[in-house]
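The file structure11.csv contains CSV, C-alpha atoms:
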chain,number,residue,atom,x,y,z
A,1450,MET,CA,-20.7,-40.6,-27.1
A,1451,ARG,CA,-17.1,-40.2,-28.2
A,1452,ASN,CA,-17.6,-36.5,-28.7
A,1453,PHE,CA,-19.0,-36.3,-25.2
A,1454,TYR,CA,-15.8,-37.8,-23.7
A,1455,ILE,CA,-13.6,-35.5,-25.8
A,1456,THR,CA,-15.7,-32.5,-24.7
A,1457,THR,CA,-15.5,-33.5,-21.1
A,1458,PHE,CA,-11.8,-34.0,-21.4
A,1459,LEU,CA,-11.3,-30.6,-23.0
A,1460,ILE,CA,-13.4,-28.8,-20.3
A,1461,SER,CA,-11.6,-30.5,-17.5
A,1462,THR,CA,-8.3,-29.6,-19.0
A,1463,LEU,CA,-9.4,-26.0,-19.3
A,1464,LEU,CA,-10.6,-26.0,-15.7
A,1465,ALA,CA,-7.3,-27.4,-14.5
A,1466,ASN,CA,-5.5,-24.6,-16.2
A,1467,ALA,CA,-7.9,-21.9,-15.1
A,1468,ASN,CA,-6.9,-19.7,-12.2
A,1469,VAL,CA,-9.3,-19.6,-9.4
A,1470,VAL,CA,-7.6,-16.5,-8.0
A,1471,GLU,CA,-7.4,-13.8,-10.8
A,1472,ILE,CA,-5.6,-10.5,-10.7
A,1473,VAL,CA,-8.9,-8.9,-11.5
A,1474,GLU,CA,-12.0,-10.6,-12.8
A,1475,GLY,CA,-11.3,-11.7,-16.4
A,1476,MET,CA,-7.5,-11.3,-16.1
A,1477,PRO,CA,-6.1,-14.5,-14.7
A,1478,TYR,CA,-2.4,-13.6,-15.4
A,1479,ILE,CA,-0.2,-11.6,-17.6
A,1480,LYS,CA,2.8,-12.7,-19.7
A,1481,VAL,CA,5.8,-10.5,-20.0
A,1482,GLU,CA,9.0,-10.9,-21.9
A,1483,ALA,CA,12.6,-10.0,-20.9
A,1484,ASP,CA,15.9,-11.2,-22.2
A,1485,GLY,CA,14.2,-13.7,-24.5
A,1486,LYS,CA,12.4,-15.3,-21.6
A,1487,THR,CA,8.6,-15.2,-21.0
A,1488,TYR,CA,7.4,-14.8,-17.5
A,1489,LYS,CA,3.9,-15.5,-16.3
A,1490,ILE,CA,2.8,-13.2,-13.5
A,1491,GLU,CA,-0.2,-14.4,-11.5
A,1492,ARG,CA,-1.5,-14.7,-7.9
A,1493,THR,CA,-1.0,-17.8,-5.8
A,1494,GLN,CA,-3.5,-20.6,-6.4
A,1495,ASN,CA,-2.5,-22.4,-3.2
A,1496,GLU,CA,-5.3,-22.3,-0.7
A,1497,ASP,CA,-2.8,-22.6,2.2
A,1498,ALA,CA,-0.5,-19.8,1.1
A,1499,TYR,CA,0.5,-17.4,3.9
A,1500,LEU,CA,3.3,-14.9,4.0
A,1501,ILE,CA,5.9,-16.5,6.3
A,1502,ASN,CA,9.2,-15.2,5.0
A,1503,THR,CA,11.1,-12.1,6.3
A,1504,PHE,CA,8.5,-9.9,4.6
A,1505,ALA,CA,6.0,-10.9,7.3
A,1506,LEU,CA,8.2,-9.0,9.8
A,1507,THR,CA,6.2,-6.0,11.0
A,1508,SER,CA,8.8,-4.0,12.8
A,1509,ARG,CA,12.2,-3.3,11.3
A,1510,PRO,CA,14.5,-1.1,13.4
A,1511,SER,CA,14.6,2.6,12.6
A,1512,PRO,CA,17.0,4.0,11.5
A,1513,PRO,CA,17.3,2.9,8.7
A,1514,PHE,CA,13.7,1.7,8.2
A,1515,PHE,CA,10.9,4.4,8.3
A,1516,ILE,CA,7.5,4.4,6.8
A,1517,GLU,CA,7.5,6.3,3.5
A,1518,PRO,CA,4.8,8.8,2.6
A,1519,PHE,CA,2.3,7.9,-0.2
A,1520,SER,CA,4.2,10.0,-2.7
A,1521,VAL,CA,7.9,10.8,-3.1
A,1522,ASN,CA,7.0,14.0,-4.9
A,1523,ASN,CA,3.8,15.7,-6.1
A,1524,GLU,CA,4.8,15.2,-9.7
A,1525,VAL,CA,6.0,11.5,-9.5
A,1526,GLU,CA,3.1,9.2,-9.9
A,1527,THR,CA,2.7,6.4,-7.3
A,1528,TYR,CA,1.7,3.1,-8.7
A,1529,GLY,CA,-0.2,0.1,-7.3
A,1530,GLU,CA,0.0,-3.5,-8.6
A,1531,LEU,CA,-2.5,-3.0,-11.5
A,1532,GLU,CA,-0.5,0.0,-12.7
A,1533,VAL,CA,2.8,-2.0,-12.5
A,1534,LEU,CA,1.3,-4.9,-14.5
A,1535,ASP,CA,-0.1,-2.5,-17.1
A,1536,PHE,CA,3.4,-0.8,-17.3
A,1537,LEU,CA,4.9,-4.2,-17.9
A,1538,ALA,CA,2.3,-5.6,-20.3
A,1539,LYS,CA,2.4,-2.4,-22.5
A,1540,LYS,CA,6.2,-2.1,-22.2
A,1541,LYS,CA,5.9,1.6,-21.1
A,1542,GLY,CA,9.5,1.8,-20.0
A,1543,LEU,CA,12.3,0.3,-17.8
A,1544,PHE,CA,11.3,-1.5,-14.6
A,1545,ILE,CA,14.0,-1.0,-12.0
A,1546,ASP,CA,14.6,-2.8,-8.7
A,1547,ALA,CA,16.4,-0.1,-6.8
A,1548,ARG,CA,17.5,-2.3,-3.9
A,1549,LEU,CA,21.1,-3.3,-3.0
A,1550,GLU,CA,22.1,-6.4,-4.7
A,1551,ASN,CA,22.0,-8.6,-1.6
A,1552,TRP,CA,18.2,-8.0,-1.4
A,1553,TYR,CA,17.6,-8.4,-5.1
A,1554,VAL,CA,19.4,-11.8,-5.5
A,1555,LYS,CA,17.1,-13.4,-3.0
A,1556,SER,CA,13.8,-12.6,-4.7
A,1557,ALA,CA,12.5,-10.0,-7.1
A,1558,ILE,CA,9.6,-9.1,-9.4
A,1559,PRO,CA,10.0,-10.8,-12.8
A,1560,THR,CA,11.6,-8.6,-15.6
A,1561,ALA,CA,12.9,-6.0,-13.1
A,1562,VAL,CA,16.5,-4.8,-13.7
A,1563,ASN,CA,18.6,-4.3,-10.6
A,1564,ILE,CA,20.1,-0.8,-10.4
A,1565,PRO,CA,20.9,-0.3,-6.7
A,1566,PHE,CA,19.8,3.2,-5.4
A,1567,LYS,CA,23.4,4.1,-4.5
A,1568,LEU,CA,24.4,4.2,-8.1
A,1569,PHE,CA,22.0,7.1,-8.6
A,1570,LEU,CA,23.7,9.2,-6.0
A,1571,SER,CA,26.0,12.1,-6.9
A,1572,GLU,CA,29.0,10.4,-5.4
A,1573,SER,CA,28.6,7.3,-7.5
A,1574,SER,CA,31.2,6.8,-10.2
A,1575,GLU,CA,28.8,4.7,-12.2
A,1576,ARG,CA,26.0,7.3,-12.3
A,1577,GLU,CA,27.1,9.0,-15.6
A,1578,GLN,CA,27.0,5.7,-17.5
A,1579,ILE,CA,23.6,4.8,-16.0
A,1580,LEU,CA,22.1,8.1,-16.9
A,1581,LYS,CA,23.4,7.7,-20.5
A,1582,ASP,CA,21.9,4.2,-20.7
A,1583,LEU,CA,18.6,5.7,-19.6
A,1584,GLY,CA,18.7,8.1,-22.5
A,1585,GLY,CA,20.3,11.1,-20.9
A,1586,ALA,CA,22.8,13.2,-22.8
A,1587,TYR,CA,25.0,16.3,-22.1
A,1588,ASN,CA,24.0,19.7,-23.3
A,1589,LYS,CA,26.8,21.9,-24.8
A,1590,ASP,CA,27.0,23.8,-21.5
A,1591,GLY,CA,27.7,20.5,-19.7
A,1592,SER,CA,24.3,20.2,-18.1
A,1593,TRP,CA,22.1,17.1,-18.5
A,1594,ASN,CA,19.4,16.8,-21.1
A,1595,PHE,CA,16.8,14.2,-20.4
A,1596,SER,CA,14.4,15.0,-23.2
A,1597,SER,CA,14.9,11.6,-24.8
A,1598,ALA,CA,15.2,9.7,-21.5
A,1599,LYS,CA,13.2,6.6,-20.8
A,1600,THR,CA,10.2,6.4,-18.5
A,1601,ILE,CA,11.3,4.4,-15.4
A,1602,LEU,CA,9.3,2.6,-12.7
A,1603,LEU,CA,11.1,2.0,-9.4
A,1604,TYR,CA,10.4,-0.2,-6.5
A,1605,CYS,CA,12.1,-1.6,-3.4
A,1606,ASN,CA,11.0,-3.6,-0.3
A,1607,GLY,CA,7.8,-1.7,0.4
A,1608,ALA,CA,6.3,0.9,2.6
A,1609,TRP,CA,9.2,0.8,5.0
A,1610,CYS,CA,11.9,1.0,2.4
A,1611,GLY,CA,13.7,4.2,1.5
A,1612,GLN,CA,15.8,2.9,-1.3
A,1613,SER,CA,13.6,3.7,-4.3
A,1614,PRO,CA,12.5,7.0,-2.9
A,1615,THR,CA,16.2,7.9,-2.4
A,1616,ALA,CA,16.9,7.0,-6.0
A,1617,ILE,CA,14.0,9.1,-7.3
A,1618,LYS,CA,15.0,12.1,-5.2
A,1619,ALA,CA,18.6,11.9,-6.5
A,1620,LEU,CA,17.3,11.7,-10.1
A,1621,LEU,CA,15.0,14.7,-9.5
A,1622,ASP,CA,17.9,16.6,-8.2
A,1623,ILE,CA,19.9,16.1,-11.3
A,1624,GLY,CA,16.9,17.1,-13.5
A,1625,TYR,CA,15.4,13.7,-14.5
A,1626,PRO,CA,11.8,14.7,-15.4
A,1627,ALA,CA,9.3,13.8,-12.6
A,1628,LYS,CA,6.8,12.8,-15.3
A,1629,LYS,CA,9.2,10.1,-16.5
A,1630,MET,CA,9.4,8.4,-13.1
A,1631,LYS,CA,6.9,6.1,-11.4
A,1632,TYR,CA,7.1,4.8,-7.8
A,1633,TYR,CA,5.7,1.4,-6.8
A,1634,ARG,CA,5.4,2.0,-3.0
A,1635,GLY,CA,3.9,-1.4,-2.1
A,1636,GLY,CA,7.1,-3.0,-3.3
A,1637,MET,CA,8.2,-6.6,-2.5
A,1638,GLN,CA,6.0,-6.7,0.7
A,1639,ALA,CA,2.7,-5.8,-0.9
A,1640,TRP,CA,3.5,-7.8,-4.0
A,1641,GLN,CA,4.1,-11.0,-2.0
A,1642,LEU,CA,1.2,-10.3,0.4
A,1643,LEU,CA,-1.1,-10.5,-2.7
A,1644,GLY,CA,0.5,-13.8,-3.7
A,1645,LEU,CA,2.0,-12.4,-6.9
A,1646,THR,CA,4.8,-14.2,-8.7
A,1647,THR,CA,8.4,-13.5,-7.7
A,1648,ILE,CA,11.6,-15.0,-9.0
A,1649,VAL,CA,15.0,-15.8,-7.6
A,1650,PRO,CA,17.3,-13.9,-10.0
A,1651,LYS,CA,20.4,-15.7,-8.6
A,1652,GLU,CA,19.2,-18.8,-10.2
A,1653,LEU,CA,18.9,-17.1,-13.6
A,1654,LYS,CA,22.7,-16.7,-14.0
B,660,MET,CA,13.5,-2.7,48.6
B,661,ARG,CA,10.8,-4.1,46.3
B,662,LYS,CA,9.3,-0.7,45.9
B,663,LEU,CA,12.7,0.7,45.0
B,664,ILE,CA,13.2,-2.0,42.3
B,665,LEU,CA,9.7,-1.4,41.0
B,666,LEU,CA,10.4,2.4,40.8
B,667,PHE,CA,13.7,1.7,39.1
B,668,VAL,CA,12.1,-0.6,36.5
B,669,LEU,CA,9.3,1.9,35.9
B,670,THR,CA,11.7,4.8,35.5
B,671,ILE,CA,13.8,2.9,33.0
B,672,GLY,CA,10.7,1.7,31.2
B,673,MET,CA,9.4,5.3,30.8
B,674,TRP,CA,12.8,6.6,29.8
B,675,ALA,CA,13.1,3.8,27.2
B,676,GLY,CA,9.7,4.6,25.8
B,677,GLN,CA,11.0,8.0,24.7
B,678,PHE,CA,13.4,6.2,22.4
B,679,ASP,CA,11.3,3.7,20.3
B,680,LYS,CA,13.6,1.6,18.2
B,681,VAL,CA,10.8,1.1,15.7
B,682,LYS,CA,9.6,4.5,14.7
B,683,ILE,CA,7.0,5.7,12.2
B,684,THR,CA,9.0,8.5,10.5
B,685,PRO,CA,12.3,10.1,11.6
B,686,GLU,CA,10.2,12.8,13.4
B,687,LEU,CA,7.4,10.6,14.7
B,688,SER,CA,7.3,7.6,17.1
B,689,TYR,CA,3.7,7.7,18.2
B,690,ILE,CA,0.5,9.8,18.3
B,691,TYR,CA,-2.4,9.8,20.7
B,692,VAL,CA,-6.0,9.5,19.5
B,693,TYR,CA,-9.4,9.0,21.2
B,694,HIS,CA,-11.2,5.7,20.8
B,695,LYS,CA,-14.6,5.5,22.4
B,696,GLY,CA,-13.7,8.3,24.8
B,697,LYS,CA,-10.3,6.9,25.9
B,698,ALA,CA,-6.9,8.0,24.9
B,699,VAL,CA,-5.0,5.4,22.9
B,700,LYS,CA,-1.3,5.6,22.0
B,701,VAL,CA,-0.8,4.6,18.4
B,702,HIS,CA,2.7,3.4,17.6
B,703,ARG,CA,4.4,0.3,16.2
B,704,ILE,CA,5.2,-3.1,17.7
B,705,GLN,CA,8.7,-2.7,19.2
B,706,ASP,CA,9.7,-6.4,18.9
B,707,THR,CA,11.8,-6.5,15.8
B,708,LYS,CA,11.3,-10.2,15.4
B,709,HIS,CA,7.6,-10.0,15.4
B,710,LYS,CA,5.9,-11.5,12.3
B,711,LEU,CA,2.3,-11.0,11.1
B,712,THR,CA,0.4,-14.3,11.3
B,713,GLY,CA,-3.2,-15.3,11.0
B,714,GLU,CA,-5.9,-14.3,8.5
B,715,TYR,CA,-4.1,-11.0,7.5
B,716,ALA,CA,-1.0,-12.9,6.4
B,717,LYS,CA,-3.1,-15.0,4.0
B,718,GLN,CA,-2.1,-14.7,0.4
B,719,TYR,CA,-4.9,-16.8,-1.2
B,720,ARG,CA,-7.8,-14.4,-1.9
B,721,PRO,CA,-10.2,-15.9,-4.5
B,722,GLY,CA,-12.8,-13.5,-5.9
B,723,GLN,CA,-10.9,-10.5,-4.4
B,724,ASP,CA,-9.7,-8.3,-7.2
B,725,ILE,CA,-6.6,-6.2,-6.7
B,726,GLN,CA,-7.8,-2.6,-6.5
B,727,PRO,CA,-6.4,0.3,-8.6
B,728,ILE,CA,-4.2,2.9,-6.9
B,729,LYS,CA,-6.9,5.5,-7.5
B,730,MET,CA,-10.6,4.7,-7.1
B,731,HIS,CA,-11.7,8.0,-8.6
B,732,LYS,CA,-9.8,10.9,-10.2
B,733,ASP,CA,-11.0,13.3,-7.5
B,734,ILE,CA,-10.5,11.1,-4.5
B,735,GLN,CA,-7.2,11.2,-2.8
B,736,THR,CA,-5.6,7.9,-1.9
B,737,ILE,CA,-3.5,8.0,1.3
B,738,ALA,CA,-1.1,5.8,3.1
B,739,GLU,CA,-0.2,5.4,6.8
B,740,VAL,CA,1.7,8.7,7.3
B,741,GLU,CA,-1.1,10.7,5.8
B,742,LEU,CA,-3.7,8.7,7.8
B,743,LEU,CA,-1.9,9.4,11.1
B,744,HIS,CA,-1.8,13.1,10.3
B,745,PHE,CA,-5.5,13.0,9.6
B,746,MET,CA,-6.1,11.1,12.9
B,747,LYS,CA,-3.9,13.6,14.9
B,748,THR,CA,-5.4,16.7,13.4
B,749,LYS,CA,-8.9,16.3,12.0
B,750,GLY,CA,-9.8,13.2,14.0
B,751,ASN,CA,-8.7,14.6,17.3
B,752,ASN,CA,-10.4,18.0,16.8
B,753,LYS,CA,-13.5,16.2,15.5
B,754,THR,CA,-13.6,17.9,12.1
B,755,GLY,CA,-12.9,14.5,10.6
B,756,ILE,CA,-13.8,10.8,11.2
B,757,MET,CA,-12.3,7.5,10.2
B,758,VAL,CA,-14.7,4.9,9.0
B,759,ASP,CA,-14.0,1.1,9.0
B,760,LEU,CA,-16.2,-0.5,6.3
B,761,ARG,CA,-15.6,-4.1,7.2
B,762,PRO,CA,-18.4,-6.3,8.7
B,763,LYS,CA,-19.3,-5.8,12.3
B,764,ASN,CA,-17.7,-9.0,13.5
B,765,ALA,CA,-14.3,-8.0,11.9
B,766,TYR,CA,-14.5,-4.6,13.5
B,767,GLN,CA,-15.4,-6.0,16.9
B,768,LYS,CA,-12.4,-8.3,16.8
B,769,GLU,CA,-9.9,-5.6,15.9
B,770,SER,CA,-9.8,-2.2,14.3
B,771,ILE,CA,-7.6,0.9,13.8
B,772,PRO,CA,-7.9,3.1,16.9
B,773,SER,CA,-10.4,6.0,16.6
B,774,ALA,CA,-12.3,4.3,13.7
B,775,VAL,CA,-16.0,3.9,13.8
B,776,ASN,CA,-17.7,1.0,12.0
B,777,ILE,CA,-20.2,1.4,9.2
B,778,PRO,CA,-20.4,-2.0,7.5
B,779,ALA,CA,-20.3,-1.5,3.7
B,780,SER,CA,-23.6,-3.3,3.3
B,781,THR,CA,-25.2,-0.1,4.8
B,782,LYS,CA,-25.0,1.4,1.4
B,783,ASP,CA,-28.1,-0.5,0.3
B,784,ASP,CA,-30.1,0.9,3.3
B,785,GLN,CA,-31.4,4.3,2.4
B,786,VAL,CA,-32.8,5.1,5.8
B,787,LYS,CA,-29.5,4.3,7.6
B,788,LEU,CA,-27.5,6.2,4.9
B,789,GLU,CA,-29.5,9.3,5.5
B,790,LYS,CA,-28.9,9.1,9.2
B,791,ILE,CA,-25.2,8.7,8.6
B,792,LEU,CA,-25.2,11.7,6.3
B,793,LYS,CA,-26.9,13.8,9.0
B,794,VAL,CA,-24.4,12.7,11.6
B,795,LEU,CA,-21.6,13.8,9.3
B,796,GLY,CA,-23.1,17.3,9.0
B,797,ALA,CA,-25.3,17.1,5.9
B,798,LYS,CA,-28.7,18.8,5.9
B,799,LYS,CA,-31.7,17.4,4.1
B,800,LEU,CA,-33.3,20.0,1.9
B,801,GLU,CA,-37.0,20.4,1.1
B,802,ASP,CA,-36.5,18.9,-2.4
B,803,GLY,CA,-35.0,15.7,-0.8
B,804,SER,CA,-31.4,16.5,-1.7
B,805,PHE,CA,-28.6,17.1,0.8
B,806,ASP,CA,-26.7,20.3,1.6
B,807,THR,CA,-23.2,18.9,2.0
B,808,SER,CA,-21.3,22.2,2.3
B,809,LYS,CA,-20.5,21.7,6.0
B,810,VAL,CA,-19.8,18.0,6.2
B,811,MET,CA,-16.9,16.4,8.1
B,812,GLN,CA,-13.9,14.9,6.3
B,813,VAL,CA,-14.0,11.1,6.2
B,814,ALA,CA,-11.1,8.6,5.8
B,815,PHE,CA,-12.4,5.3,4.6
B,816,TYR,CA,-10.7,1.9,4.8
B,817,CYS,CA,-11.6,-1.8,4.5
B,818,ASN,CA,-9.4,-4.9,4.4
B,819,GLY,CA,-6.8,-3.7,2.0
B,820,LEU,CA,-5.4,-3.9,-1.5
B,821,TRP,CA,-7.8,-6.6,-2.5
B,822,CYS,CA,-10.9,-5.1,-0.9
B,823,ASP,CA,-13.5,-3.3,-3.0
B,824,LYS,CA,-15.7,-2.2,-0.2
B,825,ALA,CA,-14.1,1.2,0.4
B,826,PRO,CA,-14.0,2.1,-3.3
B,827,SER,CA,-17.6,1.1,-3.8
B,828,PHE,CA,-18.8,2.9,-0.7
B,829,ILE,CA,-17.0,6.1,-1.6
B,830,LYS,CA,-18.8,5.9,-5.0
B,831,THR,CA,-22.1,5.7,-3.3
B,832,PHE,CA,-21.2,8.8,-1.2
B,833,LEU,CA,-20.2,10.6,-4.4
B,834,GLU,CA,-23.5,9.8,-6.0
B,835,LEU,CA,-25.3,11.2,-2.9
B,836,GLY,CA,-23.4,14.4,-3.4
B,837,TYR,CA,-20.7,14.0,-0.7
B,838,PRO,CA,-17.9,16.3,-1.9
B,839,ALA,CA,-14.8,14.4,-3.2
B,840,GLU,CA,-12.4,16.7,-1.4
B,841,LYS,CA,-14.0,15.6,1.9
B,842,MET,CA,-13.2,11.9,1.4
B,843,LEU,CA,-9.9,10.0,1.7
B,844,TYR,CA,-9.2,6.5,0.6
B,845,TYR,CA,-6.7,4.5,2.7
B,846,ARG,CA,-6.1,1.7,0.2
B,847,GLY,CA,-3.6,-0.3,2.3
B,848,GLY,CA,-6.4,-0.8,4.7
B,849,PHE,CA,-6.4,-3.1,7.8
B,850,GLN,CA,-3.9,-5.5,6.2
B,851,MET,CA,-1.2,-3.0,5.6
B,852,TRP,CA,-1.8,-1.4,9.0
B,853,LYS,CA,-1.2,-4.8,10.6
B,854,ILE,CA,1.8,-5.8,8.6
B,855,LEU,CA,3.5,-2.5,9.6
B,856,GLY,CA,2.9,-3.4,13.2
B,857,PHE,CA,0.6,-0.5,14.1
B,858,THR,CA,-1.5,-0.5,17.3
B,859,THR,CA,-5.0,-2.0,17.0
B,860,VAL,CA,-7.9,-2.0,19.5
B,861,THR,CA,-10.7,-4.5,20.2
B,862,ASN,CA,-14.3,-3.4,20.2
B,863,GLN,CA,-16.1,-6.2,22.1

Written as structure tokens, how would this file's structure read?
Amino acid sequence: MRNFYITTFLISTLLANANVVEIVEGMPYIKVEADGKTYKIERTQNEDAYLINTFALTSRPSPPFFIEPFSVNNEVETYGELEVLDFLAKKKGLFIDARLENWYVKSAIPTAVNIPFKLFLSESSEREQILKDLGGAYNKDGSWNFSSAKTILLYCNGAWCGQSPTAIKALLDIGYPAKKMKYYRGGMQAWQLLGLTTIVPKELK
Amino acid sequence: MRKLILLFVLTIGMWAGQFDKVKITPELSYIYVYHKGKAVKVHRIQDTKHKLTGEYAKQYRPGQDIQPIKMHKDIQTIAEVELLHFMKTKGNNKTGIMVDLRPKNAYQKESIPSAVNIPASTKDDQVKLEKILKVLGAKKLEDGSFDTSKVMQVAFYCNGLWCDKAPSFIKTFLELGYPAEKMLYYRGGFQMWKILGFTTVTNQ
């Protein structure tokens, strides 16, 4: 009888911890580490969850907001959420939030590093250091060599956001290999619409 | 005087329509398509304060797996800009057709303009499937297989990122011999179409 109670208790505890809404069947969540912290990424378990924040807005004025094509470039792979999660779980490279800081501080995808798209543009004084941090080096003739550069995955606000495509185009122009760049087009909007975990980076500091 | 005011309002209204403040791309504000024989303007909601509400704003989706970006290596995934291009070219000259795979009641309530409804459950009905293949231009051969060399291009969609109906229906079509290059997968589906404020139609 005592065993029965213990078993019942264990099962109910398990059930309480189980996610009803899984990412895909058999994958309730993933855990990723960054800066010594572990983040659990899952989908909302709240039955009454609706997207109500500014990402529910359908119609942002254009310019500057236009709908981006599916691909930035034929050679740059476009990712969906499962591919983003796989990239994070397998630590395939650097995950970059390419939005201006005022967007990023409000909410972001866990473990993303904020490098605003403007810093990748040719007029940016910080570009050289960023490219070096990403593994770029100078050839003897002064051109860039990206043979040891990291694979990077960029995102911004979503289908109507040109910030990460602009960063990717600028990187292509300077010779960053297309195969080393990935584009998560769904961005913050699709991520939240699916009820996936976001964080408020401002509170981390 | 009233007529003059009306004329004035109408003129301003038409003039303003040429300058949508919520565009699709820098070059594109709207397209026209045919839905059940009527011309429909497809553009985006112009109220910049408008928010998506209702069932398509719902985040809680138990039992609805997030779908991969590609459902098959040979099937092209498209987004809105590519879908609109398809509607304007292939759809309007009838060399292509857009198929809404959601249940009949969802389609009746609201759909993408120019889409026809083939509920995903049809894939289990061999007789209906054959009829659909014939409408799309396939010819049944004596040995029972289909000649699909002259079929129309089809763009499929369902509810969106968490909907497996389009991927599974496309797989059925592949198994029936429908050429991969004649199929497109709009993964964003009805939910992304709605959250970007695009025009929808009712099919009551």

key: Spatial neighbours of Lys700 (chain B), 12 Å, all atoms listed in the file, chain gap at least 5 places, as a list in words   =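 Answer for this query is Gly676, Ser688, Tyr689, Ile690, Tyr691, Val692, Tyr693, His694, Leu743, Met746, Lys747, Ile771, Pro772, Ser773, Phe857, Thr858, Thr859 and Val860 of chain B.
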
inquiry  = For a test of reading the model, state the distance in Å between CA of Ala1586 (chain A) and CA of Ser1574 (chain A), rounded to one decimal.
reply    =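 If I compute the distance from CA of Ala1586 (chain A) to CA of Ser1574 (chain A), I get 16.4 Å.
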
request  = Could you please select, counting only C-alpha atoms, the residues of chain A within 7 Å of chain B and state them as number ranges by chain?
outcome  = A: 1469-1474, 1493-1496, 1498-1500, 1505-1511, 1515-1516, 1518-1519, 1528-1529, 1531, 1642-1644

Would you save the residues of that selection, restricted to C-alpha atoms, as a short mmCIF file (atom, residue, chain, number, x, y, z; two decimals), in the frame of the given file?
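Result file is again19.cif:
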data_model
loop_
_atom_site.label_atom_id
_atom_site.label_comp_id
_atom_site.auth_asym_id
_atom_site.auth_seq_id
_atom_site.Cartn_x
_atom_site.Cartn_y
_atom_site.Cartn_z
CA VAL A 1469 -9.30 -19.60 -9.40
CA VAL A 1470 -7.60 -16.50 -8.00
CA GLU A 1471 -7.40 -13.80 -10.80
CA ILE A 1472 -5.60 -10.50 -10.70
CA VAL A 1473 -8.90 -8.90 -11.50
CA GLU A 1474 -12.00 -10.60 -12.80
CA THR A 1493 -1.00 -17.80 -5.80
CA GLN A 1494 -3.50 -20.60 -6.40
CA ASN A 1495 -2.50 -22.40 -3.20
CA GLU A 1496 -5.30 -22.30 -0.70
CA ALA A 1498 -0.50 -19.80 1.10
CA TYR A 1499 0.50 -17.40 3.90
CA LEU A 1500 3.30 -14.90 4.00
CA ALA A 1505 6.00 -10.90 7.30
CA LEU A 1506 8.20 -9.00 9.80
CA THR A 1507 6.20 -6.00 11.00
CA SER A 1508 8.80 -4.00 12.80
CA ARG A 1509 12.20 -3.30 11.30
CA PRO A 1510 14.50 -1.10 13.40
CA SER A 1511 14.60 2.60 12.60
CA PHE A 1515 10.90 4.40 8.30
CA ILE A 1516 7.50 4.40 6.80
CA PRO A 1518 4.80 8.80 2.60
CA PHE A 1519 2.30 7.90 -0.20
CA TYR A 1528 1.70 3.10 -8.70
CA GLY A 1529 -0.20 0.10 -7.30
CA LEU A 1531 -2.50 -3.00 -11.50
CA LEU A 1642 1.20 -10.30 0.40
CA LEU A 1643 -1.10 -10.50 -2.70
CA GLY A 1644 0.50 -13.80 -3.70
#

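CA of Lys809 (chain B) lies 19.3 Å from CA of Lys830 (chain B).
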
Within 8 Å of Val813 (chain B) using only C-alpha atoms, minus same-chain residues under 2 positions, as a count of residues only = 9

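Our summary of the geometry notes that CA of Tyr1633 (chain A) is positioned 5.0 Å from CA of Tyr1604 (chain A).
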
task = Skip Val1521 (chain A) itself and residues of its chain fewer than 4 positions away, then list as a ChimeraX atom specification all residues within 9 Å of it, counting all atoms listed in the file.
result = /A:1517,1525-1527,1614-1615,1617-1618,1632

ask   = Between A:Arg1634, A:Ser1613, A:Ala1467, A:Leu1603, which has the minimum distance to Phe1536 (chain A) (counting only C-alpha atoms)?
value =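 Closest candidate: A:Leu1603.
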
So which residues touch Gln785 (chain B) within 12 Å, counting all atoms listed in the file, skipping near sequence neighbours fewer than 4 positions away, as an mmCIF file with C-alpha atoms, in the coordinates of the input?
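Contents of the output file out-v8.cif:
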data_model
loop_
_atom_site.group_PDB
_atom_site.id
_atom_site.type_symbol
_atom_site.label_atom_id
_atom_site.label_comp_id
_atom_site.auth_asym_id
_atom_site.auth_seq_id
_atom_site.Cartn_x
_atom_site.Cartn_y
_atom_site.Cartn_z
ATOM 1 C CA SER B 780 -23.600 -3.300 3.300
ATOM 2 C CA THR B 781 -25.200 -0.100 4.800
ATOM 3 C CA GLU B 789 -29.500 9.300 5.500
ATOM 4 C CA LYS B 790 -28.900 9.100 9.200
ATOM 5 C CA ILE B 791 -25.200 8.700 8.600
ATOM 6 C CA LEU B 792 -25.200 11.700 6.300
ATOM 7 C CA THR B 831 -22.100 5.700 -3.300
ATOM 8 C CA PHE B 832 -21.200 8.800 -1.200
ATOM 9 C CA LEU B 835 -25.300 11.200 -2.900
#

inquiry  = Show me the residues close to (17.3, -11.0, -2.0) - anything with an atom within 12 Å, counting all atoms listed in the file - and format the list as a ChimeraX atom specification.
reply    = /A:1502-1504,1546-1558,1563,1605-1606,1637,1647-1652

Just the selected residues (C-alpha atoms), exported as a compact mmCIF listing (two decimals), in the coordinates of the input, please.
# COMPACT_ATOMS: atom_id res chain seq x y z
CA ASN A 1502 9.20 -15.20 5.00
CA THR A 1503 11.10 -12.10 6.30
CA PHE A 1504 8.50 -9.90 4.60
CA ASP A 1546 14.60 -2.80 -8.70
CA ALA A 1547 16.40 -0.10 -6.80
CA ARG A 1548 17.50 -2.30 -3.90
CA LEU A 1549 21.10 -3.30 -3.00
CA GLU A 1550 22.10 -6.40 -4.70
CA ASN A 1551 22.00 -8.60 -1.60
CA TRP A 1552 18.20 -8.00 -1.40
CA TYR A 1553 17.60 -8.40 -5.10
CA VAL A 1554 19.40 -11.80 -5.50
CA LYS A 1555 17.10 -13.40 -3.00
CA SER A 1556 13.80 -12.60 -4.70
CA ALA A 1557 12.50 -10.00 -7.10
CA ILE A 1558 9.60 -9.10 -9.40
CA ASN A 1563 18.60 -4.30 -10.60
CA CYS A 1605 12.10 -1.60 -3.40
CA ASN A 1606 11.00 -3.60 -0.30
CA MET A 1637 8.20 -6.60 -2.50
CA THR A 1647 8.40 -13.50 -7.70
CA ILE A 1648 11.60 -15.00 -9.00
CA VAL A 1649 15.00 -15.80 -7.60
CA PRO A 1650 17.30 -13.90 -10.00
CA LYS A 1651 20.40 -15.70 -8.60
CA GLU A 1652 19.20 -18.80 -10.20
